[in-house]
Amino acid sequence: MSGALNGAVVRKFAHYMTSRLGMEQIRGISAYALGPALGILSGPILARALGPEGRGQFASVMQPITVAGAVASLGFPAAVAYFIASGGNSDRVYRRALATAAIPALLTYAAMCWYAGIVSHRQGISFTVICIAWSAIVLSAVVQIRRAYWQGQGRWRKLDAERAAYAVTRFGIVVLLALLGVVLAEAYVAASLLAFVAAALLLFTKGSPSRSESLPTSGEIVRYSVLASIGTIAAVASSRLDQILMPAAASSAELGYYAVAVTVAEVPLVLATLSARNALQLAAVGDSNIEIFRKTRVYIVVCIGLIAALFVAAPYGTVLVFGPDFATSASSIQLLSIAGVASLVSLVCGSILAGRGRPALASFVSLVSLLVTVLGFFMFWDSMSSLMAARISLISLVSSAVVGVGAILKVTQPRPARQEGAGHRQGASKELAVEGNTE
């Protein structure tokens, strides 16, 4: 009786959800969930092929690319998405931003080549290999700006296709290497970067002609980008800084445990990414906070549901999937799952603020998380472990979420819809002069 009742409840819930999901939402969830889903499948393959130490070496090369890529792009993706969604000529905004972003991208790569020496010594990886792998930082900046080009137009199909292609290609190459018996972390790094390049090519098709001739000045783009970069870098850094600092603060084994925990705990956050991605564009075109929530609520509800399921399953699933060597990761997964709810809140709040033309306020939301993370690592540097890093992450993200909700309560009205033409630049300049800050 109870079994039949539970089955009826499940069927009713499934019907309720699917009846409210449009094809765009289904495609978006599928494409963005594909990466983490295949990541879960490839995670055990990597863990068993490389072991805790090799898995830590893999993370020590790959994770800095994510953070350094955010620094290299210097907020230009947020500016491109904002100005295009606000009525700017998409092709002209994209080209102007791309040309301006070249300098910070190259400077960031140069700085990372210096840091490569430290990682090489600590983790026993060739300095040359790290520098070659980290050249992807410059490419990452270009790809992020191209993603923003499509985001500003609300062309989600392009972004979904790129996400799905990367996930499938990376998974296929990793499985092939494992079947061939490859046990070198460097080989799996090369496989991941090759998949990234192949998938990124899908973004560089010609877009539809823009009817608007409006073009923000270089000064407006740079101003918004610099203000936005504070939040963009802080958001990425606060979620990845732990893995960047751990190669210098902990053993490769502890980093391996934590890398597995992060891989699993980030699965539900693909829904948070979708919510934030759409929220920025919706806020920029003038939707109210209630309208934004209504249009993204499916992503939010599913995200929280997945987080709850992950928390419950972690103690049993970790050993089953990754093997007994990674049992230590279970507690970290649970802490990072709780942190995922806070991450969802702070990401969506930051995107709404950025879409309202309030980049300074949006950046502050992310900056809080980064500052708490840095403080936590400074205080517990000598006792750093996978579990300690997870605790620091939880505290930092909860702090950010609290600030994000407070900022949204302060900014309650949608940004007035923009007019095409010269008025666009004047309006943008005025708003940025009044506020100034982004995500």
# chains A, B, ... in the order shown; residues from 1 in each chain; ligands from 1
call {"tool": "residues_around", "arguments": {"residues": "A:Val61", "least_positions_apart": "5", "cutoff": "10 Å", "atoms": "only C-alpha atoms", "output": "list in words"}}
result
Gly56, Ala116, Val119, Ser120, Gln123, Ile125, Val129, Ile130, Cys131, Ala133, Trp134, Ala185, Glu186, Val189, Ile244 and Pro247 of chain A
call {"tool": "residues_around", "arguments": {"residues": "A:Ser332", "least_positions_apart": "5", "cutoff": "9 Å", "atoms": "only C-alpha atoms", "output": "VMD selection string"}}
result
chain A and resid 257 to 258 261 to 262 265 337 386 to 391
call {"tool": "residues_around", "arguments": {"residues": "A:Leu194", "least_positions_apart": "2", "cutoff": "12 Å", "atoms": "only C-alpha atoms", "output": "number ranges by chain"}}
result
A: 133, 136, 139, 165-167, 169-174, 187-192, 196-201
call {"tool": "atom_distance", "arguments": {"atom1": "atom CA of A:Gly404", "atom2": "atom CA of A:Ser140"}}
result
27.2 Å
call {"tool": "closest_residue", "arguments": {"among": "A:Gly231, A:Gly340, A:Pro216, A:Pro104", "to": "A:Pro268", "atoms": "only C-alpha atoms"}}
result
A:Gly340
call {"tool": "residues_around", "arguments": {"residues": "A:Val345", "least_positions_apart": "4", "cutoff": "8 Å", "atoms": "only C-alpha atoms", "output": "list in words"}}
result
Val341, Cys349, Ala401, Gly404 and Val405 of chain A
call {"tool": "write_last_selection", "arguments": {"atoms": "all heavy atoms", "output": "PDB file, in the first residue's frame"}}
result
ATOM      1  N   VAL A 341      23.858  25.235  -1.141  1.00  0.00           N
ATOM      2  CA  VAL A 341      22.638  26.038  -1.042  1.00  0.00           C
ATOM      3  C   VAL A 341      22.997  27.519  -0.942  1.00  0.00           C
ATOM      4  O   VAL A 341      22.399  28.378  -1.597  1.00  0.00           O
ATOM      5  CB  VAL A 341      21.795  25.617   0.179  1.00  0.00           C
ATOM      6  CG1 VAL A 341      20.552  26.493   0.308  1.00  0.00           C
ATOM      7  CG2 VAL A 341      21.402  24.148   0.074  1.00  0.00           C
ATOM      8  N   CYS A 349      21.800  36.081  -6.619  1.00  0.00           N
ATOM      9  CA  CYS A 349      21.728  37.477  -6.162  1.00  0.00           C
ATOM     10  C   CYS A 349      22.763  38.328  -6.892  1.00  0.00           C
ATOM     11  O   CYS A 349      22.465  39.452  -7.331  1.00  0.00           O
ATOM     12  CB  CYS A 349      21.968  37.548  -4.650  1.00  0.00           C
ATOM     13  SG  CYS A 349      20.609  36.925  -3.643  1.00  0.00           S
ATOM     14  N   ALA A 401      26.098  34.526   0.977  1.00  0.00           N
ATOM     15  CA  ALA A 401      24.661  34.442   0.741  1.00  0.00           C
ATOM     16  C   ALA A 401      23.897  35.465   1.578  1.00  0.00           C
ATOM     17  O   ALA A 401      22.944  36.102   1.094  1.00  0.00           O
ATOM     18  CB  ALA A 401      24.157  33.037   1.053  1.00  0.00           C
ATOM     19  N   GLY A 404      24.352  38.759  -0.024  1.00  0.00           N
ATOM     20  CA  GLY A 404      23.614  38.815  -1.284  1.00  0.00           C
ATOM     21  C   GLY A 404      22.141  39.085  -1.087  1.00  0.00           C
ATOM     22  O   GLY A 404      21.544  39.908  -1.788  1.00  0.00           O
ATOM     23  N   VAL A 405      21.534  38.419  -0.122  1.00  0.00           N
ATOM     24  CA  VAL A 405      20.108  38.648   0.167  1.00  0.00           C
ATOM     25  C   VAL A 405      19.895  40.076   0.637  1.00  0.00           C
ATOM     26  O   VAL A 405      18.937  40.753   0.226  1.00  0.00           O
ATOM     27  CB  VAL A 405      19.612  37.645   1.224  1.00  0.00           C
ATOM     28  CG1 VAL A 405      18.210  38.012   1.686  1.00  0.00           C
ATOM     29  CG2 VAL A 405      19.626  36.224   0.666  1.00  0.00           C
TER      30      VAL A 405
END
call {"tool": "closest_residue", "arguments": {"among": "A:Ser86, A:Ser396, A:Ser363, A:Ser251", "to": "A:Ala283", "atoms": "only C-alpha atoms"}}
result
A:Ser86
call {"tool": "select_by_dssp", "arguments": {"residues": "stretch 103-335 of chain A", "states": "helix (DSSP H, G or I)", "output": "PyMOL selection string"}}
result
chain A and resi 103-123+127-134+136-152+156-179+185-204+218-249+252-265+269-284+289-322+324-326+329-335
call {"tool": "closest_residue", "arguments": {"among": "A:Ala59, A:Gly256, A:Ile84, A:Arg294", "to": "A:Ala327", "atoms": "only C-alpha atoms"}}
result
A:Gly256
call {"tool": "residues_around", "arguments": {"residues": "A:Leu367", "least_positions_apart": "3", "cutoff": "8 Å", "atoms": "only C-alpha atoms", "output": "list in words"}}
result
Ile230, Gly231, Ala234, Ala235, Ser363, Phe364, Leu370, Leu371 and Ser400 of chain A
call {"tool": "write_last_selection", "arguments": {"atoms": "N, CA, C and O atoms", "output": "CSV table (one decimal), in the first residue's frame"}}
result
chain,number,residue,atom,x,y,z
A,230,ILE,N,35.9,42.4,-10.0
A,230,ILE,CA,36.1,42.1,-8.6
A,230,ILE,C,35.2,41.0,-8.2
A,230,ILE,O,35.6,40.1,-7.5
A,231,GLY,N,33.9,41.1,-8.6
A,231,GLY,CA,33.0,40.0,-8.2
A,231,GLY,C,33.2,38.7,-9.0
A,231,GLY,O,33.1,37.6,-8.4
A,234,ALA,N,36.4,37.2,-7.6
A,234,ALA,CA,36.1,36.7,-6.2
A,234,ALA,C,35.2,35.5,-6.1
A,234,ALA,O,35.4,34.6,-5.3
A,235,ALA,N,34.2,35.4,-7.0
A,235,ALA,CA,33.3,34.3,-7.0
A,235,ALA,C,34.0,33.0,-7.4
A,235,ALA,O,33.9,32.0,-6.8
A,363,SER,N,29.7,42.7,-6.9
A,363,SER,CA,31.1,42.2,-6.6
A,363,SER,C,31.3,42.1,-5.1
A,363,SER,O,32.0,41.2,-4.7
A,364,PHE,N,30.7,42.9,-4.3
A,364,PHE,CA,30.9,42.9,-2.9
A,364,PHE,C,30.3,41.5,-2.3
A,364,PHE,O,30.9,41.0,-1.4
A,370,LEU,N,35.3,35.4,-0.7
A,370,LEU,CA,36.8,35.3,-1.0
A,370,LEU,C,37.6,35.7,0.3
A,370,LEU,O,38.5,35.0,0.7
A,371,LEU,N,37.2,36.8,0.9
A,371,LEU,CA,37.9,37.3,2.1
A,371,LEU,C,37.8,36.3,3.2
A,371,LEU,O,38.8,36.1,3.9
A,400,SER,N,28.6,35.0,2.2
A,400,SER,CA,28.3,35.6,0.9
A,400,SER,C,26.8,35.6,0.7
A,400,SER,O,26.2,36.6,0.2
call {"tool": "closest_residue", "arguments": {"among": "A:Leu41, A:Val67, A:Ser393, A:Trp381", "to": "A:Ala342", "atoms": "only C-alpha atoms"}}
result
A:Ser393
call {"tool": "residues_around", "arguments": {"residues": "A:Phe76", "least_positions_apart": "5", "cutoff": "10 Å", "atoms": "only C-alpha atoms", "output": "PDB file with all heavy atoms, in the first residue's frame"}}
result
ATOM      1  N   ALA A  70      39.419  33.526 -14.927  1.00  0.00           N
ATOM      2  CA  ALA A  70      38.539  34.617 -14.485  1.00  0.00           C
ATOM      3  C   ALA A  70      39.313  35.917 -14.334  1.00  0.00           C
ATOM      4  O   ALA A  70      38.824  36.996 -14.678  1.00  0.00           O
ATOM      5  CB  ALA A  70      37.871  34.240 -13.155  1.00  0.00           C
ATOM      6  N   ALA A  81      27.938  40.694 -21.880  1.00  0.00           N
ATOM      7  CA  ALA A  81      26.561  40.212 -21.708  1.00  0.00           C
ATOM      8  C   ALA A  81      25.635  41.364 -21.331  1.00  0.00           C
ATOM      9  O   ALA A  81      24.502  41.477 -21.843  1.00  0.00           O
ATOM     10  CB  ALA A  81      26.523  39.133 -20.632  1.00  0.00           C
ATOM     11  N   TYR A  82      26.091  42.242 -20.458  1.00  0.00           N
ATOM     12  CA  TYR A  82      25.267  43.355 -19.991  1.00  0.00           C
ATOM     13  C   TYR A  82      24.965  44.345 -21.109  1.00  0.00           C
ATOM     14  O   TYR A  82      23.800  44.714 -21.336  1.00  0.00           O
ATOM     15  CB  TYR A  82      25.985  44.068 -18.842  1.00  0.00           C
ATOM     16  CG  TYR A  82      25.312  45.350 -18.405  1.00  0.00           C
ATOM     17  CD1 TYR A  82      24.131  45.327 -17.688  1.00  0.00           C
ATOM     18  CD2 TYR A  82      25.868  46.588 -18.724  1.00  0.00           C
ATOM     19  CE1 TYR A  82      23.513  46.499 -17.290  1.00  0.00           C
ATOM     20  CE2 TYR A  82      25.259  47.768 -18.329  1.00  0.00           C
ATOM     21  CZ  TYR A  82      24.081  47.716 -17.613  1.00  0.00           C
ATOM     22  OH  TYR A  82      23.477  48.878 -17.228  1.00  0.00           O
ATOM     23  N   TYR A  94      31.319  42.937 -28.847  1.00  0.00           N
ATOM     24  CA  TYR A  94      32.198  41.771 -28.693  1.00  0.00           C
ATOM     25  C   TYR A  94      33.616  42.080 -29.168  1.00  0.00           C
ATOM     26  O   TYR A  94      34.589  41.784 -28.468  1.00  0.00           O
ATOM     27  CB  TYR A  94      31.609  40.595 -29.477  1.00  0.00           C
ATOM     28  CG  TYR A  94      32.557  39.439 -29.652  1.00  0.00           C
ATOM     29  CD1 TYR A  94      32.880  38.604 -28.583  1.00  0.00           C
ATOM     30  CD2 TYR A  94      33.146  39.188 -30.900  1.00  0.00           C
ATOM     31  CE1 TYR A  94      33.749  37.538 -28.749  1.00  0.00           C
ATOM     32  CE2 TYR A  94      34.019  38.125 -31.065  1.00  0.00           C
ATOM     33  CZ  TYR A  94      34.320  37.300 -29.995  1.00  0.00           C
ATOM     34  OH  TYR A  94      35.187  36.256 -30.167  1.00  0.00           O
ATOM     35  N   ALA A  97      35.457  44.577 -26.830  1.00  0.00           N
ATOM     36  CA  ALA A  97      35.835  43.958 -25.558  1.00  0.00           C
ATOM     37  C   ALA A  97      36.992  42.983 -25.744  1.00  0.00           C
ATOM     38  O   ALA A  97      37.916  42.926 -24.928  1.00  0.00           O
ATOM     39  CB  ALA A  97      34.633  43.246 -24.952  1.00  0.00           C
ATOM     40  N   LEU A  98      36.962  42.224 -26.830  1.00  0.00           N
ATOM     41  CA  LEU A  98      38.003  41.233 -27.083  1.00  0.00           C
ATOM     42  C   LEU A  98      39.362  41.896 -27.251  1.00  0.00           C
ATOM     43  O   LEU A  98      40.380  41.435 -26.714  1.00  0.00           O
ATOM     44  CB  LEU A  98      37.652  40.427 -28.333  1.00  0.00           C
ATOM     45  CG  LEU A  98      38.444  39.140 -28.573  1.00  0.00           C
ATOM     46  CD1 LEU A  98      38.195  38.155 -27.445  1.00  0.00           C
ATOM     47  CD2 LEU A  98      38.060  38.526 -29.907  1.00  0.00           C
ATOM     48  N   THR A 100      40.331  44.790 -26.073  1.00  0.00           N
ATOM     49  CA  THR A 100      40.766  45.398 -24.820  1.00  0.00           C
ATOM     50  C   THR A 100      41.216  44.350 -23.809  1.00  0.00           C
ATOM     51  O   THR A 100      42.100  44.606 -22.980  1.00  0.00           O
ATOM     52  CB  THR A 100      39.618  46.233 -24.217  1.00  0.00           C
ATOM     53  OG1 THR A 100      39.056  47.061 -25.230  1.00  0.00           O
ATOM     54  CG2 THR A 100      40.121  47.101 -23.075  1.00  0.00           C
ATOM     55  N   ALA A 101      40.623  43.161 -23.872  1.00  0.00           N
ATOM     56  CA  ALA A 101      40.919  42.117 -22.886  1.00  0.00           C
ATOM     57  C   ALA A 101      42.245  41.406 -23.134  1.00  0.00           C
ATOM     58  O   ALA A 101      42.701  40.637 -22.281  1.00  0.00           O
ATOM     59  CB  ALA A 101      39.785  41.090 -22.873  1.00  0.00           C
ATOM     60  N   ALA A 141      39.984  33.051 -21.516  1.00  0.00           N
ATOM     61  CA  ALA A 141      39.460  34.413 -21.503  1.00  0.00           C
ATOM     62  C   ALA A 141      38.672  34.711 -22.777  1.00  0.00           C
ATOM     63  O   ALA A 141      37.595  35.313 -22.746  1.00  0.00           O
ATOM     64  CB  ALA A 141      40.601  35.411 -21.332  1.00  0.00           C
ATOM     65  N   VAL A 142      39.215  34.278 -23.910  1.00  0.00           N
ATOM     66  CA  VAL A 142      38.539  34.492 -25.197  1.00  0.00           C
ATOM     67  C   VAL A 142      37.214  33.742 -25.230  1.00  0.00           C
ATOM     68  O   VAL A 142      36.178  34.286 -25.652  1.00  0.00           O
ATOM     69  CB  VAL A 142      39.441  34.027 -26.361  1.00  0.00           C
ATOM     70  CG1 VAL A 142      38.691  34.129 -27.690  1.00  0.00           C
ATOM     71  CG2 VAL A 142      40.718  34.850 -26.410  1.00  0.00           C
ATOM     72  N   GLN A 144      35.335  32.782 -22.724  1.00  0.00           N
ATOM     73  CA  GLN A 144      34.364  33.379 -21.802  1.00  0.00           C
ATOM     74  C   GLN A 144      33.681  34.592 -22.426  1.00  0.00           C
ATOM     75  O   GLN A 144      32.475  34.800 -22.256  1.00  0.00           O
ATOM     76  CB  GLN A 144      35.059  33.784 -20.513  1.00  0.00           C
ATOM     77  CG  GLN A 144      35.486  32.626 -19.640  1.00  0.00           C
ATOM     78  CD  GLN A 144      36.201  33.117 -18.398  1.00  0.00           C
ATOM     79  OE1 GLN A 144      35.616  33.759 -17.528  1.00  0.00           O
ATOM     80  NE2 GLN A 144      37.485  32.839 -18.307  1.00  0.00           N
ATOM     81  N   ILE A 145      34.451  35.389 -23.128  1.00  0.00           N
ATOM     82  CA  ILE A 145      33.872  36.566 -23.782  1.00  0.00           C
ATOM     83  C   ILE A 145      32.922  36.143 -24.897  1.00  0.00           C
ATOM     84  O   ILE A 145      31.869  36.761 -25.109  1.00  0.00           O
ATOM     85  CB  ILE A 145      34.990  37.483 -24.323  1.00  0.00           C
ATOM     86  CG1 ILE A 145      35.793  38.074 -23.153  1.00  0.00           C
ATOM     87  CG2 ILE A 145      34.416  38.603 -25.182  1.00  0.00           C
ATOM     88  CD1 ILE A 145      37.017  38.850 -23.570  1.00  0.00           C
ATOM     89  N   ALA A 148      29.695  35.102 -23.403  1.00  0.00           N
ATOM     90  CA  ALA A 148      28.917  36.284 -23.021  1.00  0.00           C
ATOM     91  C   ALA A 148      28.222  36.906 -24.230  1.00  0.00           C
ATOM     92  O   ALA A 148      27.140  37.483 -24.108  1.00  0.00           O
ATOM     93  CB  ALA A 148      29.825  37.303 -22.347  1.00  0.00           C
ATOM     94  N   ILE A 221      33.009  50.232 -21.308  1.00  0.00           N
ATOM     95  CA  ILE A 221      33.231  48.788 -21.240  1.00  0.00           C
ATOM     96  C   ILE A 221      34.297  48.462 -20.200  1.00  0.00           C
ATOM     97  O   ILE A 221      34.131  47.550 -19.387  1.00  0.00           O
ATOM     98  CB  ILE A 221      33.642  48.233 -22.620  1.00  0.00           C
ATOM     99  CG1 ILE A 221      32.470  48.329 -23.597  1.00  0.00           C
ATOM    100  CG2 ILE A 221      34.092  46.774 -22.494  1.00  0.00           C
ATOM    101  CD1 ILE A 221      32.804  47.870 -25.008  1.00  0.00           C
ATOM    102  N   VAL A 222      35.392  49.223 -20.220  1.00  0.00           N
ATOM    103  CA  VAL A 222      36.467  48.971 -19.269  1.00  0.00           C
ATOM    104  C   VAL A 222      35.993  49.237 -17.846  1.00  0.00           C
ATOM    105  O   VAL A 222      36.293  48.458 -16.926  1.00  0.00           O
ATOM    106  CB  VAL A 222      37.695  49.844 -19.597  1.00  0.00           C
ATOM    107  CG1 VAL A 222      38.728  49.767 -18.469  1.00  0.00           C
ATOM    108  CG2 VAL A 222      38.320  49.397 -20.909  1.00  0.00           C
ATOM    109  N   ARG A 223      35.245  50.312 -17.665  1.00  0.00           N
ATOM    110  CA  ARG A 223      34.766  50.647 -16.318  1.00  0.00           C
ATOM    111  C   ARG A 223      33.890  49.540 -15.761  1.00  0.00           C
ATOM    112  O   ARG A 223      34.082  49.073 -14.635  1.00  0.00           O
ATOM    113  CB  ARG A 223      33.991  51.975 -16.345  1.00  0.00           C
ATOM    114  CG  ARG A 223      33.390  52.349 -14.989  1.00  0.00           C
ATOM    115  CD  ARG A 223      32.696  53.700 -15.056  1.00  0.00           C
ATOM    116  NE  ARG A 223      31.975  53.983 -13.835  1.00  0.00           N
ATOM    117  CZ  ARG A 223      32.525  54.397 -12.707  1.00  0.00           C
ATOM    118  NH1 ARG A 223      33.837  54.592 -12.657  1.00  0.00           N
ATOM    119  NH2 ARG A 223      31.795  54.638 -11.637  1.00  0.00           N
ATOM    120  N   TYR A 224      32.923  49.123 -16.566  1.00  0.00           N
ATOM    121  CA  TYR A 224      32.031  48.053 -16.114  1.00  0.00           C
ATOM    122  C   TYR A 224      32.835  46.770 -15.884  1.00  0.00           C
ATOM    123  O   TYR A 224      32.621  46.055 -14.904  1.00  0.00           O
ATOM    124  CB  TYR A 224      30.926  47.804 -17.145  1.00  0.00           C
ATOM    125  CG  TYR A 224      29.821  46.898 -16.651  1.00  0.00           C
ATOM    126  CD1 TYR A 224      28.609  47.429 -16.193  1.00  0.00           C
ATOM    127  CD2 TYR A 224      29.990  45.515 -16.627  1.00  0.00           C
ATOM    128  CE1 TYR A 224      27.599  46.591 -15.727  1.00  0.00           C
ATOM    129  CE2 TYR A 224      28.991  44.675 -16.166  1.00  0.00           C
ATOM    130  CZ  TYR A 224      27.789  45.224 -15.717  1.00  0.00           C
ATOM    131  OH  TYR A 224      26.807  44.383 -15.259  1.00  0.00           O
ATOM    132  N   SER A 225      33.766  46.476 -16.783  1.00  0.00           N
ATOM    133  CA  SER A 225      34.550  45.251 -16.689  1.00  0.00           C
ATOM    134  C   SER A 225      35.402  45.212 -15.429  1.00  0.00           C
ATOM    135  O   SER A 225      35.476  44.190 -14.742  1.00  0.00           O
ATOM    136  CB  SER A 225      35.453  45.102 -17.913  1.00  0.00           C
ATOM    137  OG  SER A 225      34.694  45.002 -19.096  1.00  0.00           O
ATOM    138  N   VAL A 226      36.064  46.328 -15.134  1.00  0.00           N
ATOM    139  CA  VAL A 226      36.923  46.379 -13.949  1.00  0.00           C
ATOM    140  C   VAL A 226      36.090  46.200 -12.686  1.00  0.00           C
ATOM    141  O   VAL A 226      36.451  45.433 -11.778  1.00  0.00           O
ATOM    142  CB  VAL A 226      37.708  47.703 -13.901  1.00  0.00           C
ATOM    143  CG1 VAL A 226      38.421  47.852 -12.555  1.00  0.00           C
ATOM    144  CG2 VAL A 226      38.720  47.753 -15.036  1.00  0.00           C
ATOM    145  N   LEU A 227      34.952  46.895 -12.625  1.00  0.00           N
ATOM    146  CA  LEU A 227      34.079  46.754 -11.472  1.00  0.00           C
ATOM    147  C   LEU A 227      33.511  45.343 -11.398  1.00  0.00           C
ATOM    148  O   LEU A 227      33.400  44.748 -10.329  1.00  0.00           O
ATOM    149  CB  LEU A 227      32.945  47.778 -11.539  1.00  0.00           C
ATOM    150  CG  LEU A 227      33.369  49.241 -11.383  1.00  0.00           C
ATOM    151  CD1 LEU A 227      32.206  50.175 -11.674  1.00  0.00           C
ATOM    152  CD2 LEU A 227      33.902  49.484  -9.984  1.00  0.00           C
ATOM    153  N   ALA A 228      33.160  44.794 -12.551  1.00  0.00           N
ATOM    154  CA  ALA A 228      32.621  43.437 -12.601  1.00  0.00           C
ATOM    155  C   ALA A 228      33.671  42.409 -12.232  1.00  0.00           C
ATOM    156  O   ALA A 228      33.365  41.372 -11.649  1.00  0.00           O
ATOM    157  CB  ALA A 228      32.070  43.144 -13.991  1.00  0.00           C
ATOM    158  N   SER A 229      34.915  42.677 -12.584  1.00  0.00           N
ATOM    159  CA  SER A 229      35.980  41.690 -12.368  1.00  0.00           C
ATOM    160  C   SER A 229      36.171  41.388 -10.887  1.00  0.00           C
ATOM    161  O   SER A 229      36.549  40.270 -10.520  1.00  0.00           O
ATOM    162  CB  SER A 229      37.294  42.194 -12.965  1.00  0.00           C
ATOM    163  OG  SER A 229      37.787  43.312 -12.250  1.00  0.00           O
ATOM    164  N   THR A 232      33.550  38.809 -10.273  1.00  0.00           N
ATOM    165  CA  THR A 232      33.795  37.605 -11.073  1.00  0.00           C
ATOM    166  C   THR A 232      34.981  36.822 -10.525  1.00  0.00           C
ATOM    167  O   THR A 232      34.911  35.608 -10.324  1.00  0.00           O
ATOM    168  CB  THR A 232      34.062  37.988 -12.535  1.00  0.00           C
ATOM    169  OG1 THR A 232      32.948  38.717 -13.041  1.00  0.00           O
ATOM    170  CG2 THR A 232      34.280  36.746 -13.378  1.00  0.00           C
TER     171      THR A 232
END
call {"tool": "closest_residue", "arguments": {"among": "A:Ser385, A:Ser208, A:Ser399, A:Ser90", "to": "A:Val372", "atoms": "only C-alpha atoms"}}
result
A:Ser399
call {"tool": "closest_residue", "arguments": {"among": "A:Phe377, A:Ser126, A:Asn289, A:Val302", "to": "A:Gln57", "atoms": "only C-alpha atoms"}}
result
A:Ser126
call {"tool": "atom_distance", "arguments": {"atom1": "atom CA of A:Ser275", "atom2": "atom CA of A:Thr296"}}
result
5.5 Å
